[in-house]
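One structure is given below, encoded as structure tokens.
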Amino acid sequence: MTVMEQRGTYRPAPPPAWQPRTDPAPLLPDAEPYRVLGTEAAAKADPELLRRLYAELVKGRRYNAQATALTKQGRLAVYPSSTGQEACEVAAALALEERDWLFPSYRDTLAVVARGVDPVEALTLLRGDWHTGYDPYEHRVAPLSTPLATQLPHAVGLAHAARLKGDDVVALAMVGDGGTSEGDFHEALNFAAVWQAPVVFLVQNNGFAISVPLAKQTAAPSLAHKAVGYGMPGRLVDGNDAAAVHEVLSDAVRHARAGGGPTLIEAVTYRVEAHTNADDATRYRGDAEVETWKQHDPIALLERELTGRGLLDEAGAETARRDAETMAADLRAHMNEDPALDPMDLFADVYAEPTPQLLEQREQLRAELAAEAEQEGVQG
Amino acid sequence: MTVMEQRGTYRPAPPPAWQPRTDPAPLLPDAEPYRVLGTEAAAKADPELLRRLYAELVKGRRYNAQATALTKQGRLAVYPSSTGQEACEVAAALALEERDWLFPSYRDTLAVVARGVDPVEALTLLRGDWHTGYDPYEHRVAPLSTPLATQLPHAVGLAHAARLKGDDVVALAMVGDGGTSEGDFHEALNFAAVWQAPVVFLVQNNGFAISVPLAKQTAAPSLAHKAVGYGMPGRLVDGNDAAAVHEVLSDAVRHARAGGGPTLIEAVTYRVEAHTNADDATRYRGDAEVETWKQHDPIALLERELTGRGLLDEAGAETARRDAETMAADLRAHMNEDPALDPMDLFADVYAEPTPQLLEQREQLRAELAAEAEQEGVQG
Amino acid sequence: MTTVAVKPATMAQALTRALRDAMAADPSVHVMGEDVGTLGGVFRITDGLAKEFGEDRCTDTPLAEAGILGTAVGMAMYGLRPVVEMQFDAFAYPAFEQLVSHVAKMRNRTRGKMPLPLTIRVPYGGGIGGVEHHSDSSEAYYMATPGLHVVTPATVADAYGLLRAAIASDDPVVFLEPKRLYWSKDAWNPEEPATVEPIGRAVVRRSGRSATLITYGPSVPVCMQAAEAARAEGWDLEVVDLRSLVPFDDGTVCASVRRTGRAVVVHESGGFGGPGGEIAARVTERCFHHLEAPVLRVAGFDLPYPPPMLERHHLPGVDRILDAVGRLQWEAES
Amino acid sequence: MTTVAVKPATMAQALTRALRDAMAADPSVHVMGEDVGTLGGVFRITDGLAKEFGEDRCTDTPLAEAGILGTAVGMAMYGLRPVVEMQFDAFAYPAFEQLVSHVAKMRNRTRGKMPLPLTIRVPYGGGIGGVEHHSDSSEAYYMATPGLHVVTPATVADAYGLLRAAIASDDPVVFLEPKRLYWSKDAWNPEEPATVEPIGRAVVRRSGRSATLITYGPSVPVCMQAAEAARAEGWDLEVVDLRSLVPFDDGTVCASVRRTGRAVVVHESGGFGGPGGEIAARVTERCFHHLEAPVLRVAGFDLPYPPPMLERHHLPGVDRILDAVGRLQWEAES
Ligand SMILES: Cc1ncc(C[n+]2csc(CCOP(=O)(O)OP(=O)(O)O)c2C)c(N)n1
Ligand SMILES: Cc1ncc(C[n+]2csc(CCOP(=O)(O)OP(=O)(O)O)c2C)c(N)n1
Ligand SMILES: [Mg+2]
Ligand SMILES: [Mg+2]
């Protein structure tokens, strides 16, 4: 057919393969973070749940304070406190069923403990006697992840595997605002959406990645707006409103459990303390900002709701505080014991069977330690 | 203040740091790919531009055919054809000013050539005599990039550097639908948006990443919907409509040049040939799909528009074809010459100054070649 | 070992068969990667698996290597045995952080509670006329990462046996497949795939008395050729195929070197910082007083892998190997 | 070299000063990375630079290492001299593909047309009580990647001189900063920063006749201590500080070993596949007939870096070094 013959046959049509496969509208987050406390939605919240959240928040804050104190005493190598973010931590743990899995980042010790992990074992990494102190399979909690965002694909893979096996398991993966910039965040969300894996991604946007404020991290309208680019719903929630975070997370977990696929949740919160005990936050932010956020404290918000509705009185609050003190005293006592250390453990779990090379090295260390002991014996 | 004292002071407020910094609405792509040819918008298109595009498309297709033929003759190691995607290739090159930069992927030889790079030098990589055959600074074209999406952060960095230096330079970076899944895609877009770098990202969604169809690559409503998650505009365009692609790219380039920051453009197109000559596309797709797309051929689309408006007659089409044949004959002739090869070049540009170790190795090879030559002399 | 009549098979076929047998034997084995499903992989190693076992067992993933390996980690955490394909050696680099910071460390981090039975198949090396980024040899990176096993076959039979062993291993194994040997043929009975080789044992491919060539993967056939050619020079060379770089079989290697008194390490990976340094150093540490000459190394040059038209100058060939053998201070003999 | 009155300075201060002087001398030098701006870096090496030179010259990037290095590549393409900070050694892994496939290869890929004058600062090594992923030693990976220079200072003066040289280099340099020496002090005059060391030269830190300790970075002070302690055993040890792993200064190293006839390579990076193999192998190739004993290696064990409370057992210390020296077959002497 020559050019001329084609004349008049021209009927424009869209490119054949083009059909939007997902309606983007329901995937977009609301303009305002979702809130429950102090709104009409609060009336519908389960009082028992609110009381439970409250007790856990109080305990969580006390845990953070205790761990920070232990750092000052040299009992921990480092501690990244989640003070101010307790609502996210606690809600993340409580939104899951026992059979579900939690994938925490290094800041999420509270979530790990709220999920049932022994408070001392949860601190092994940060104390420095081993990398992961708890058995991940006991409470279905992955190791605290230090390399940012790397835990997200793990959560996707685990959730996918469970689904392939026909198990009813949802994985909840936690990451910070800074972590959303990593390639692994992107790849994990994409895999999750393509596989429709039962995963919930919880971004705690606490305003900072160490010293770097959100404005240098992203130009997006919100981090929740990233979801539509993967074809999953994005939700924005007030991260200091424990009831709201719990509700949004629970919805997402239910959605995933029902085969609806992943959800990305951005919880807007604030890191009240420095990045870790080793950080000096005065170098990059003013007191005023911190003070403003303290006015929006997650414990205070919930307390007001509970007291306003007569669900908590001074005695109840006192009980919560006392329970928290008991936990802290217990933690202190345990952490003040020196952990049992055996240098030979270095070689124990590099492989299922140590290689011949590692066996040689183990013998070398054993000989060195024997010589050291002898030396000390001679001197002592 | 005790819990009781707080009663009544509770005035809920949104989390203090929360304000959407960008209005998401204008960043979202339209529901349908933008089109010009065969629509009312075509009337506004510059006839000269349309004719230029046409000539380049015809030349481009011929180039692809010639390169593929050369592969069969063993003159090229491999060739990834862009047949069916010529509108994207050509428009990408023409939307830029001379001072701008192009960052192509391995499939974008046509764009590289359309930008002015010598057609033979553009094939050096695929012929196999060296990695990059042209001087990237001569036409401001980065090396053809094989590791997927890795060229995107380069484009961002270069654009950012130019802006820091006060130069008026826009970088256009090309990537495939498959490449959007890589972490580097995510990181590049995020850096670009945060830095408001003058970059345009052109995704050629040709339906496949080798054998993997788009549906296994993403669950997003469109790839252009990823833009809002970075805070940049996302645009969807019919990638076989050369006028539309040119317009959308030119708008984005203008926007970037004016300091408006980056844009993500998804051009919906189709890879008519196999992934490369080494690929067997019948293993993963049927003829019917290919045929449907051939009905939406970029050259035919433009041809109809031009002829319909009396901008192209049989003679004009013939001229375009003849020019393309001349180019092809020239390419054939050059590619049938064996390239001059000097094994010593291996050592020339590993470092600015070869290390002592490399000098030793160079001498070793020199001795080996001398021995080889002697051997051949003896035998010959 | 009872072997019946055998016919020639390619290494590619043996690998496919190993995957198929492993999947049939154990439902927890899952194959995943780019183009491994419908297409059967760009080298066709996974050909037919998606059809036979379904797309859930042999899955075309999105195009993102960190995502592939990272999700495989999660799948392994849940008790599956993922077998990941990296399309080419250089395209495994995006997964490097997952590999080093998680795959290699997870068992150790968790005191053995969370082992990762993962196999990472990586086609490696050059000699196939590939354009840049398609011919890297990255075994040095993996060797330097404690917690990984690093295995590479050189024969059709080993391709089967070692891949089965890798998949059966409770530890992560980087399984390096020499691209240019994919189409190499050998007498092998695919109907009776016989032995699953244990990981960690080197093998003497050719006995000899003059000197030992220590090698692995794509360089094994080259060394065999060199040994043949060396006969003309009066050298009777022994060839040791390492098969496993981690763990390293000091016993077999050192027994050979002690016997011959001379050794050359041969690989196509770059020499500087490459596997040969480790091998030469540990052989020397263990066999110093048996050595008549320093252990020499023949390796790729220390430069980015060359373009196809120049690669033959880069790859260690018979002449370069014999040249090194010639420098093993034979004068001392006379 | 005219030196005026000097006062103690830390390695961290010298590094800061080197960055500042380089930025002042050349407007194309740009510092970028996570927290390098307002905070001055988690180790405070970039302290004050954003204030002095503005945020465009010392930039807090988004949190993505491949993005940092990848955009730095683009900046270098446009004629800038980016100096990238990786926050910790293990957090450079996400950038591995950019490093290997682009940074190391770009000059070569483009026949010298597109050099990349890039410095990648990587705090490395352990001994600071860091939790997992904060104490890796990854120099083996960089050494095995042709196209990179790999440099590491052990003294305050070298920290200044080598960093200036790295930034001035027209090639990419991986600049490895021994974390635990950041706060080490030395007499150094920051007001007259003196010589810019050329890259590629090792230096004899201590002369001795009995044996040579070949080392670099964090292990240099340990070797100096070992050499002191060795006097009690009657050994007079020479200590060679490599300073540059790529290029490697065979001349200085071999001259020393030929003199002493014995050598131990010391580093804290894992032994297997680590730098020591390369070093021992090349020294042996070049000095075989001068060696009274095989070149031995003292290195970290072949395992993931231990938790803080156990790291002292992993790190090569004075005793382990002396033990190796003791195994250098002194019987042969008598
Ligand atoms: C891959 C990687 N890069 C860098 C770091 C160093 N680092 C540790 S925490 C941190 C900031 C993380 O910020 P964000 O994700 O917002 O979490 P937050 O600390 O606020 O909880 C950085 C840069 C790391 N742990 N991993
Ligand atoms: C990092 C990386 N992984 C894998 C590959 C191998 N590979 C080359 S092309 C290709 C498919 C790319 O698809 P797409 O991005 O859609 O581009 P297209 O080929 O369709 O132009 C793959 C997987 C690669 N080049 N780089
Ligand atoms: Mg944060
Ligand atoms: Mg494509």
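Starting from 1 in every chain, residues are counted up; chains themselves are A, B, ... following the order of the structure tokens, and ligands are numbered from 1 as listed.
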### For region 172-177 of chain D: contacts at 6 Å, only C-alpha atoms, fewer than 3 positions along chain excluded, given as a VMD selection string
chain D and resid 116 to 124 148 to 152 166
Selection from above, N, CA, C and O atoms, as a compact mmCIF listing (two decimals), in the first residue's frame, can you write it?
```
# COMPACT_ATOMS: atom_id res chain seq x y z
N LEU D 116 36.63 10.17 35.49
CA LEU D 116 35.78 10.50 36.63
C LEU D 116 36.64 10.84 37.85
O LEU D 116 37.05 9.95 38.60
N PRO D 117 36.91 12.10 38.04
CA PRO D 117 37.70 12.49 39.22
C PRO D 117 36.82 12.52 40.46
O PRO D 117 36.29 13.57 40.83
N LEU D 118 36.67 11.39 41.06
CA LEU D 118 35.72 11.20 42.16
C LEU D 118 36.46 10.64 43.36
O LEU D 118 37.26 9.73 43.24
N THR D 119 36.16 11.16 44.53
CA THR D 119 36.71 10.55 45.74
C THR D 119 35.56 9.98 46.55
O THR D 119 34.56 10.66 46.77
N ILE D 120 35.72 8.74 46.96
CA ILE D 120 34.68 8.10 47.76
C ILE D 120 35.27 7.80 49.12
O ILE D 120 36.11 6.91 49.26
N ARG D 121 34.87 8.57 50.09
CA ARG D 121 35.39 8.39 51.45
C ARG D 121 34.57 7.34 52.18
O ARG D 121 33.35 7.45 52.26
N VAL D 122 35.25 6.34 52.69
CA VAL D 122 34.55 5.25 53.37
C VAL D 122 35.20 5.00 54.73
O VAL D 122 36.32 4.51 54.80
N PRO D 123 34.51 5.34 55.82
CA PRO D 123 35.03 4.97 57.14
C PRO D 123 34.96 3.46 57.26
O PRO D 123 33.92 2.87 57.01
N TYR D 124 36.08 2.82 57.59
CA TYR D 124 36.08 1.36 57.57
C TYR D 124 36.72 0.76 58.80
O TYR D 124 37.43 1.43 59.54
N LEU D 148 39.87 1.44 39.93
CA LEU D 148 39.81 2.23 41.17
C LEU D 148 41.21 2.36 41.76
O LEU D 148 42.00 1.43 41.68
N HIS D 149 41.47 3.50 42.37
CA HIS D 149 42.59 3.57 43.30
C HIS D 149 42.04 3.30 44.69
O HIS D 149 40.91 3.69 45.00
N VAL D 150 42.83 2.64 45.51
CA VAL D 150 42.39 2.35 46.87
C VAL D 150 43.48 2.80 47.83
O VAL D 150 44.60 2.30 47.78
N VAL D 151 43.12 3.76 48.66
CA VAL D 151 44.11 4.45 49.48
C VAL D 151 43.63 4.45 50.93
O VAL D 151 42.42 4.55 51.17
N THR D 152 44.55 4.33 51.86
CA THR D 152 44.13 4.39 53.26
C THR D 152 45.26 4.93 54.13
O THR D 152 46.37 4.41 54.11
N ALA D 166 44.04 12.31 46.75
CA ALA D 166 42.88 11.60 46.21
C ALA D 166 41.96 12.58 45.48
O ALA D 166 41.50 12.32 44.36
```
### Query
Could you pull out all residues of region 68-105 of chain D with a DSSP call of helix (DSSP H, G or I) and give them as an NGL selection string?
:D and (68-77 or 89-103)
### Task
Identify, counting only C-alpha atoms and all ligand atoms, the protein, DNA and RNA residues located within 7 Å of ligand 4, and give them as a list in words.
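These are the residues that qualify: Gly176, Asp177, Gly178, Gln204, Asn205, Asn206, Gly207, Phe208, Ala209 and Ile210 of chain B.
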Just all heavy atoms for this one: save the residues we selected as a PDB file, in the first residue's frame.
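Below is the file result09.pdb, written as the result:
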```pdb
ATOM      1  N   GLY B 176      13.689   1.879  29.961  1.00  0.00           N
ATOM      2  CA  GLY B 176      12.577   1.038  29.545  1.00  0.00           C
ATOM      3  C   GLY B 176      11.591   0.775  30.671  1.00  0.00           C
ATOM      4  O   GLY B 176      11.843   1.122  31.829  1.00  0.00           O
ATOM      5  N   ASP B 177      10.479   0.160  30.339  1.00  0.00           N
ATOM      6  CA  ASP B 177       9.490  -0.186  31.368  1.00  0.00           C
ATOM      7  C   ASP B 177      10.103  -1.112  32.410  1.00  0.00           C
ATOM      8  O   ASP B 177       9.884  -0.942  33.617  1.00  0.00           O
ATOM      9  CB  ASP B 177       8.247  -0.823  30.739  1.00  0.00           C
ATOM     10  CG  ASP B 177       8.589  -1.914  29.733  1.00  0.00           C
ATOM     11  OD1 ASP B 177       9.429  -1.668  28.853  1.00  0.00           O
ATOM     12  OD2 ASP B 177       8.030  -3.028  29.827  1.00  0.00           O
ATOM     13  N   GLY B 178      10.904  -2.073  31.948  1.00  0.00           N
ATOM     14  CA  GLY B 178      11.551  -2.963  32.904  1.00  0.00           C
ATOM     15  C   GLY B 178      12.481  -2.205  33.829  1.00  0.00           C
ATOM     16  O   GLY B 178      12.520  -2.458  35.034  1.00  0.00           O
ATOM     17  N   GLN B 204      10.235   4.493  27.899  1.00  0.00           N
ATOM     18  CA  GLN B 204       9.591   3.849  26.761  1.00  0.00           C
ATOM     19  C   GLN B 204       8.976   2.555  27.257  1.00  0.00           C
ATOM     20  O   GLN B 204       9.673   1.562  27.436  1.00  0.00           O
ATOM     21  CB  GLN B 204      10.602   3.548  25.657  1.00  0.00           C
ATOM     22  CG  GLN B 204      11.084   4.774  24.923  1.00  0.00           C
ATOM     23  CD  GLN B 204      11.989   4.397  23.764  1.00  0.00           C
ATOM     24  OE1 GLN B 204      11.559   3.778  22.800  1.00  0.00           O
ATOM     25  NE2 GLN B 204      13.252   4.759  23.876  1.00  0.00           N
ATOM     26  N   ASN B 205       7.678   2.605  27.457  1.00  0.00           N
ATOM     27  CA  ASN B 205       6.966   1.389  27.849  1.00  0.00           C
ATOM     28  C   ASN B 205       6.619   0.643  26.567  1.00  0.00           C
ATOM     29  O   ASN B 205       5.619   0.915  25.926  1.00  0.00           O
ATOM     30  CB  ASN B 205       5.721   1.766  28.646  1.00  0.00           C
ATOM     31  CG  ASN B 205       4.827   0.570  28.890  1.00  0.00           C
ATOM     32  OD1 ASN B 205       5.174  -0.568  28.539  1.00  0.00           O
ATOM     33  ND2 ASN B 205       3.684   0.817  29.483  1.00  0.00           N
ATOM     34  N   ASN B 206       7.487  -0.292  26.222  1.00  0.00           N
ATOM     35  CA  ASN B 206       7.272  -1.063  24.993  1.00  0.00           C
ATOM     36  C   ASN B 206       6.653  -2.426  25.288  1.00  0.00           C
ATOM     37  O   ASN B 206       6.718  -3.345  24.477  1.00  0.00           O
ATOM     38  CB  ASN B 206       8.576  -1.200  24.196  1.00  0.00           C
ATOM     39  CG  ASN B 206       9.622  -1.999  24.958  1.00  0.00           C
ATOM     40  OD1 ASN B 206       9.358  -2.489  26.054  1.00  0.00           O
ATOM     41  ND2 ASN B 206      10.806  -2.133  24.379  1.00  0.00           N
ATOM     42  N   GLY B 207       6.095  -2.540  26.470  1.00  0.00           N
ATOM     43  CA  GLY B 207       5.306  -3.731  26.789  1.00  0.00           C
ATOM     44  C   GLY B 207       6.085  -4.897  27.351  1.00  0.00           C
ATOM     45  O   GLY B 207       5.506  -5.780  27.981  1.00  0.00           O
ATOM     46  N   PHE B 208       7.379  -4.899  27.127  1.00  0.00           N
ATOM     47  CA  PHE B 208       8.172  -6.062  27.540  1.00  0.00           C
ATOM     48  C   PHE B 208       9.539  -5.671  28.095  1.00  0.00           C
ATOM     49  O   PHE B 208      10.143  -4.691  27.659  1.00  0.00           O
ATOM     50  CB  PHE B 208       8.417  -7.002  26.346  1.00  0.00           C
ATOM     51  CG  PHE B 208       7.187  -7.771  25.959  1.00  0.00           C
ATOM     52  CD1 PHE B 208       6.308  -7.262  25.016  1.00  0.00           C
ATOM     53  CD2 PHE B 208       6.894  -8.984  26.569  1.00  0.00           C
ATOM     54  CE1 PHE B 208       5.157  -7.960  24.670  1.00  0.00           C
ATOM     55  CE2 PHE B 208       5.756  -9.682  26.232  1.00  0.00           C
ATOM     56  CZ  PHE B 208       4.877  -9.170  25.286  1.00  0.00           C
ATOM     57  N   ALA B 209       9.988  -6.468  29.023  1.00  0.00           N
ATOM     58  CA  ALA B 209      11.385  -6.478  29.436  1.00  0.00           C
ATOM     59  C   ALA B 209      11.874  -7.876  29.046  1.00  0.00           C
ATOM     60  O   ALA B 209      11.565  -8.850  29.735  1.00  0.00           O
ATOM     61  CB  ALA B 209      11.513  -6.242  30.928  1.00  0.00           C
ATOM     62  N   ILE B 210      12.577  -7.935  27.939  1.00  0.00           N
ATOM     63  CA  ILE B 210      12.844  -9.219  27.286  1.00  0.00           C
ATOM     64  C   ILE B 210      11.503  -9.959  27.176  1.00  0.00           C
ATOM     65  O   ILE B 210      10.642  -9.510  26.399  1.00  0.00           O
ATOM     66  CB  ILE B 210      13.952 -10.055  27.977  1.00  0.00           C
ATOM     67  CG1 ILE B 210      15.232  -9.167  28.149  1.00  0.00           C
ATOM     68  CG2 ILE B 210      14.307 -11.279  27.130  1.00  0.00           C
ATOM     69  CD1 ILE B 210      16.454  -9.918  28.690  1.00  0.00           C
TER      70      ILE B 210
END
```
### Query
Which of these, A:Glu266, A:Glu305, A:Glu363, A:Glu138, has the shortest distance to chain B once you count only C-alpha atoms?
A:Glu305
Using only C-alpha atoms, which residues sit within 12 Å of Pro190 (chain C) once same-chain residues fewer than 5 positions away are excluded, as a PDB file with N, CA, C and O atoms, in the first residue's frame?
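To be explicit, this is the file written out as selection-v5.pdb:
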```pdb
ATOM      1  N   THR C   3      27.236 -46.919  36.333  1.00  0.00           N
ATOM      2  CA  THR C   3      26.840 -46.055  35.218  1.00  0.00           C
ATOM      3  C   THR C   3      26.429 -46.914  34.035  1.00  0.00           C
ATOM      4  O   THR C   3      27.082 -47.896  33.693  1.00  0.00           O
ATOM      5  N   VAL C   4      25.324 -46.506  33.449  1.00  0.00           N
ATOM      6  CA  VAL C   4      24.867 -47.210  32.259  1.00  0.00           C
ATOM      7  C   VAL C   4      25.381 -46.466  31.035  1.00  0.00           C
ATOM      8  O   VAL C   4      26.098 -45.477  31.145  1.00  0.00           O
ATOM      9  N   ALA C   5      24.974 -46.919  29.867  1.00  0.00           N
ATOM     10  CA  ALA C   5      25.408 -46.280  28.633  1.00  0.00           C
ATOM     11  C   ALA C   5      25.098 -44.789  28.678  1.00  0.00           C
ATOM     12  O   ALA C   5      23.992 -44.387  29.012  1.00  0.00           O
ATOM     13  N   VAL C   6      26.082 -44.013  28.353  1.00  0.00           N
ATOM     14  CA  VAL C   6      25.902 -42.569  28.448  1.00  0.00           C
ATOM     15  C   VAL C   6      25.961 -41.945  27.063  1.00  0.00           C
ATOM     16  O   VAL C   6      26.525 -42.502  26.140  1.00  0.00           O
ATOM     17  N   LYS C   7      25.337 -40.777  26.942  1.00  0.00           N
ATOM     18  CA  LYS C   7      25.429 -40.054  25.676  1.00  0.00           C
ATOM     19  C   LYS C   7      25.802 -38.619  25.977  1.00  0.00           C
ATOM     20  O   LYS C   7      25.688 -38.169  27.118  1.00  0.00           O
ATOM     21  N   PRO C   8      26.259 -37.892  24.980  1.00  0.00           N
ATOM     22  CA  PRO C   8      26.731 -36.540  25.262  1.00  0.00           C
ATOM     23  C   PRO C   8      25.583 -35.625  25.684  1.00  0.00           C
ATOM     24  O   PRO C   8      24.480 -35.700  25.152  1.00  0.00           O
ATOM     25  N   ALA C   9      25.854 -34.800  26.650  1.00  0.00           N
ATOM     26  CA  ALA C   9      24.900 -33.781  27.080  1.00  0.00           C
ATOM     27  C   ALA C   9      25.679 -32.492  27.288  1.00  0.00           C
ATOM     28  O   ALA C   9      26.893 -32.522  27.517  1.00  0.00           O
ATOM     29  N   THR C  10      24.969 -31.373  27.213  1.00  0.00           N
ATOM     30  CA  THR C  10      25.648 -30.106  27.462  1.00  0.00           C
ATOM     31  C   THR C  10      25.545 -29.753  28.936  1.00  0.00           C
ATOM     32  O   THR C  10      24.683 -30.263  29.662  1.00  0.00           O
ATOM     33  N   MET C  11      26.413 -28.863  29.359  1.00  0.00           N
ATOM     34  CA  MET C  11      26.346 -28.396  30.735  1.00  0.00           C
ATOM     35  C   MET C  11      24.991 -27.736  30.984  1.00  0.00           C
ATOM     36  O   MET C  11      24.400 -27.891  32.060  1.00  0.00           O
ATOM     37  N   ALA C  12      24.497 -27.017  30.002  1.00  0.00           N
ATOM     38  CA  ALA C  12      23.191 -26.372  30.162  1.00  0.00           C
ATOM     39  C   ALA C  12      22.120 -27.413  30.453  1.00  0.00           C
ATOM     40  O   ALA C  12      21.281 -27.237  31.348  1.00  0.00           O
ATOM     41  N   GLN C  13      22.145 -28.495  29.714  1.00  0.00           N
ATOM     42  CA  GLN C  13      21.143 -29.546  29.941  1.00  0.00           C
ATOM     43  C   GLN C  13      21.266 -30.151  31.337  1.00  0.00           C
ATOM     44  O   GLN C  13      20.255 -30.424  31.997  1.00  0.00           O
ATOM     45  N   ALA C  14      22.489 -30.322  31.757  1.00  0.00           N
ATOM     46  CA  ALA C  14      22.695 -30.906  33.086  1.00  0.00           C
ATOM     47  C   ALA C  14      22.170 -29.973  34.175  1.00  0.00           C
ATOM     48  O   ALA C  14      21.585 -30.418  35.173  1.00  0.00           O
ATOM     49  N   LEU C  15      22.359 -28.681  33.974  1.00  0.00           N
ATOM     50  CA  LEU C  15      21.869 -27.715  34.959  1.00  0.00           C
ATOM     51  C   LEU C  15      20.344 -27.724  34.992  1.00  0.00           C
ATOM     52  O   LEU C  15      19.728 -27.698  36.061  1.00  0.00           O
ATOM     53  N   THR C  16      19.749 -27.739  33.808  1.00  0.00           N
ATOM     54  CA  THR C  16      18.290 -27.782  33.745  1.00  0.00           C
ATOM     55  C   THR C  16      17.774 -29.024  34.464  1.00  0.00           C
ATOM     56  O   THR C  16      16.825 -28.959  35.243  1.00  0.00           O
ATOM     57  N   ARG C  17      18.442 -30.118  34.200  1.00  0.00           N
ATOM     58  CA  ARG C  17      18.021 -31.360  34.811  1.00  0.00           C
ATOM     59  C   ARG C  17      18.169 -31.318  36.334  1.00  0.00           C
ATOM     60  O   ARG C  17      17.310 -31.809  37.078  1.00  0.00           O
ATOM     61  N   ALA C  18      19.232 -30.679  36.780  1.00  0.00           N
ATOM     62  CA  ALA C  18      19.436 -30.569  38.228  1.00  0.00           C
ATOM     63  C   ALA C  18      18.303 -29.763  38.863  1.00  0.00           C
ATOM     64  O   ALA C  18      17.768 -30.131  39.917  1.00  0.00           O
ATOM     65  N   ARG C  20      15.304 -29.357  37.677  1.00  0.00           N
ATOM     66  CA  ARG C  20      14.066 -30.107  37.563  1.00  0.00           C
ATOM     67  C   ARG C  20      14.010 -31.206  38.629  1.00  0.00           C
ATOM     68  O   ARG C  20      13.008 -31.376  39.326  1.00  0.00           O
ATOM     69  N   ASP C  21      15.084 -31.935  38.769  1.00  0.00           N
ATOM     70  CA  ASP C  21      15.104 -33.014  39.754  1.00  0.00           C
ATOM     71  C   ASP C  21      14.950 -32.460  41.177  1.00  0.00           C
ATOM     72  O   ASP C  21      14.258 -33.033  42.011  1.00  0.00           O
ATOM     73  N   VAL C 156      30.188 -31.348  32.826  1.00  0.00           N
ATOM     74  CA  VAL C 156      28.748 -31.574  32.746  1.00  0.00           C
ATOM     75  C   VAL C 156      28.260 -32.309  33.994  1.00  0.00           C
ATOM     76  O   VAL C 156      27.251 -31.937  34.602  1.00  0.00           O
ATOM     77  N   ALA C 157      28.987 -33.323  34.386  1.00  0.00           N
ATOM     78  CA  ALA C 157      28.570 -34.099  35.548  1.00  0.00           C
ATOM     79  C   ALA C 157      28.587 -33.253  36.817  1.00  0.00           C
ATOM     80  O   ALA C 157      27.675 -33.324  37.644  1.00  0.00           O
ATOM     81  N   ALA C 159      28.248 -30.064  36.950  1.00  0.00           N
ATOM     82  CA  ALA C 159      27.179 -29.061  36.869  1.00  0.00           C
ATOM     83  C   ALA C 159      25.936 -29.628  37.532  1.00  0.00           C
ATOM     84  O   ALA C 159      25.273 -28.963  38.333  1.00  0.00           O
ATOM     85  N   TYR C 160      25.635 -30.882  37.214  1.00  0.00           N
ATOM     86  CA  TYR C 160      24.484 -31.517  37.844  1.00  0.00           C
ATOM     87  C   TYR C 160      24.709 -31.723  39.349  1.00  0.00           C
ATOM     88  O   TYR C 160      23.933 -31.264  40.183  1.00  0.00           O
ATOM     89  N   GLY C 161      25.781 -32.377  39.647  1.00  0.00           N
ATOM     90  CA  GLY C 161      26.011 -32.796  41.030  1.00  0.00           C
ATOM     91  C   GLY C 161      26.168 -31.615  41.975  1.00  0.00           C
ATOM     92  O   GLY C 161      25.593 -31.603  43.069  1.00  0.00           O
ATOM     93  N   THR C 195      25.663 -39.285  41.071  1.00  0.00           N
ATOM     94  CA  THR C 195      26.136 -38.691  42.311  1.00  0.00           C
ATOM     95  C   THR C 195      25.850 -37.206  42.479  1.00  0.00           C
ATOM     96  O   THR C 195      26.000 -36.412  41.568  1.00  0.00           O
TER      97      THR C 195
END
```
### Message
Should the cut-off be 7 Å, what would the residue list for chain A against chain C look like, counting only C-alpha atoms, as an NGL selection string?
### Response
:A and (131-132 or 135 or 150 or 153-158 or 161-162 or 184 or 187-188 or 191 or 349-352 or 355)
### Task
Provide as a PyMOL selection string the residues of chain A at most 7 Å from chain B, counting only C-alpha atoms.
chain A and resi 3-4+6-7+10+12+15-16+20-24+38+181-184+186-187+190+193-194+216-223+225-226+228-231+238+292-293+296+303-304+307-308+314
